[in-house]
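Enquirer: The structure is given below, and queries will be raised subsequently.
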Amino acid sequence: MSEDSKLPRFCRETRSQLPALACGELTGWPLHVVRAHLRRCRDCSTEAERQHQLSAALSSLKTAPADPPAGLLDELLSRADRRGVRERAAVPARGALSGARPGLSVAFLTVGAAASTGIGYGLWRGARAVRNRRRGY
Ligand SMILES: [Zn+2]
């Protein structure tokens, strides 16, 4: 799952589109291609489902009244820097977040990229933990 670099190229291309797919922003030809691949590739369709859950978790963060916790954003950014995924993240998810607050956009893009590199589940759990903590207030 963390062996992203060993994936076939088409799987990697597909996964770079999953963040946009997960938030329903993928349309036209890219959507057609991604869906066609997901029907054939169980690994990628599993990943797509995971990102869908991630997207749902982040949506609930996005609708929270306060700004995202600084610690979460810093953690995401430091992971992104370490893995060099920030540039890749900006391409597939660009346009998917118009209207989101800037800080959240960065977090969302970063999480999307991180998920496609195989550490997404941990981040998703982290996001969920943050959300649960916020509910405590
Ligand atoms: Zn695949």
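Here's how to read the names in the structure tokens: chain A, B, ... by the order shown, residue numbers from 1 in each chain, ligand numbers from 1 in the order shown.
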Would you mind listing the residues within 7 Å of ligand 1, counting only C-alpha atoms and all ligand atoms, as a list in words?
Expert: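 I would give the residues around ligand 1 as Phe10, Cys11, Thr14, His37, Leu38, Cys41, Arg42, Asp43 and Cys44 of chain A.
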Enquirer: I need the chosen residues saved as a compact mmCIF listing (two decimals), in the first residue's frame, with all heavy atoms.
Expert:
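Written output follows (again09.txt):
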```txt
# COMPACT_ATOMS: atom_id res chain seq x y z
N PHE A 10 -0.31 3.64 -15.10
CA PHE A 10 -1.72 4.02 -15.23
C PHE A 10 -2.39 4.11 -13.87
O PHE A 10 -3.24 4.96 -13.63
CB PHE A 10 -2.45 3.02 -16.13
CG PHE A 10 -3.64 3.65 -16.80
CD1 PHE A 10 -3.52 4.21 -18.06
CD2 PHE A 10 -4.86 3.72 -16.14
CE1 PHE A 10 -4.60 4.82 -18.67
CE2 PHE A 10 -5.95 4.33 -16.75
CZ PHE A 10 -5.81 4.88 -18.00
N CYS A 11 -1.98 3.23 -12.96
CA CYS A 11 -2.52 3.30 -11.60
C CYS A 11 -2.11 4.62 -10.93
O CYS A 11 -2.90 5.25 -10.25
CB CYS A 11 -2.04 2.12 -10.77
SG CYS A 11 -2.83 0.57 -11.21
N THR A 14 -4.10 7.40 -12.38
CA THR A 14 -5.47 7.33 -11.88
C THR A 14 -5.55 7.88 -10.47
O THR A 14 -6.42 8.68 -10.14
CB THR A 14 -5.95 5.88 -11.91
OG1 THR A 14 -6.00 5.43 -13.26
CG2 THR A 14 -7.35 5.76 -11.30
N HIS A 37 -10.86 2.67 -15.43
CA HIS A 37 -9.76 1.97 -14.75
C HIS A 37 -10.23 1.37 -13.42
O HIS A 37 -9.85 0.25 -13.08
CB HIS A 37 -8.59 2.93 -14.51
CG HIS A 37 -7.43 2.27 -13.82
ND1 HIS A 37 -6.60 1.39 -14.46
CD2 HIS A 37 -7.02 2.32 -12.53
CE1 HIS A 37 -5.69 0.93 -13.60
NE2 HIS A 37 -5.93 1.49 -12.42
N LEU A 38 -11.06 2.09 -12.69
CA LEU A 38 -11.52 1.60 -11.39
C LEU A 38 -12.33 0.32 -11.56
O LEU A 38 -12.32 -0.54 -10.67
CB LEU A 38 -12.35 2.67 -10.68
CG LEU A 38 -11.58 3.90 -10.22
CD1 LEU A 38 -12.52 4.88 -9.53
CD2 LEU A 38 -10.44 3.54 -9.29
N CYS A 41 -9.52 -2.35 -11.95
CA CYS A 41 -8.41 -2.44 -11.00
C CYS A 41 -8.94 -2.38 -9.57
O CYS A 41 -9.40 -1.34 -9.12
CB CYS A 41 -7.43 -1.30 -11.26
SG CYS A 41 -6.02 -1.32 -10.16
N ARG A 42 -8.87 -3.51 -8.90
CA ARG A 42 -9.42 -3.54 -7.55
C ARG A 42 -8.60 -2.67 -6.60
O ARG A 42 -9.16 -2.02 -5.71
CB ARG A 42 -9.43 -4.98 -7.04
CG ARG A 42 -10.05 -5.08 -5.65
CD ARG A 42 -10.00 -6.47 -5.11
NE ARG A 42 -10.83 -7.38 -5.90
CZ ARG A 42 -11.19 -8.58 -5.47
NH1 ARG A 42 -10.80 -9.00 -4.30
NH2 ARG A 42 -11.93 -9.37 -6.23
N ASP A 43 -7.29 -2.65 -6.76
CA ASP A 43 -6.46 -1.83 -5.88
C ASP A 43 -6.86 -0.36 -5.94
O ASP A 43 -7.01 0.31 -4.93
CB ASP A 43 -4.98 -1.97 -6.26
CG ASP A 43 -4.42 -3.31 -5.82
OD1 ASP A 43 -5.11 -4.02 -5.06
OD2 ASP A 43 -3.31 -3.65 -6.25
N CYS A 44 -7.03 0.10 -7.16
CA CYS A 44 -7.37 1.51 -7.32
C CYS A 44 -8.79 1.80 -6.84
O CYS A 44 -9.05 2.86 -6.29
CB CYS A 44 -7.19 1.95 -8.77
SG CYS A 44 -5.45 2.19 -9.22
```
Enquirer: Mind pulling up the distance from CA of Arg40 in chain A to CA of Arg9 in chain A?
Expert: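 So the answer is 14.6 Å.
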Enquirer: In Å to one decimal, how far is CA of Ala22 in chain A from CA of Gln51 in chain A?
Expert: 6.0 Å
Enquirer: Please measure the separation of CA of Ala48 in chain A and CA of Ser78 in chain A, giving the value in Å to one decimal.
Expert: 24.0 Å
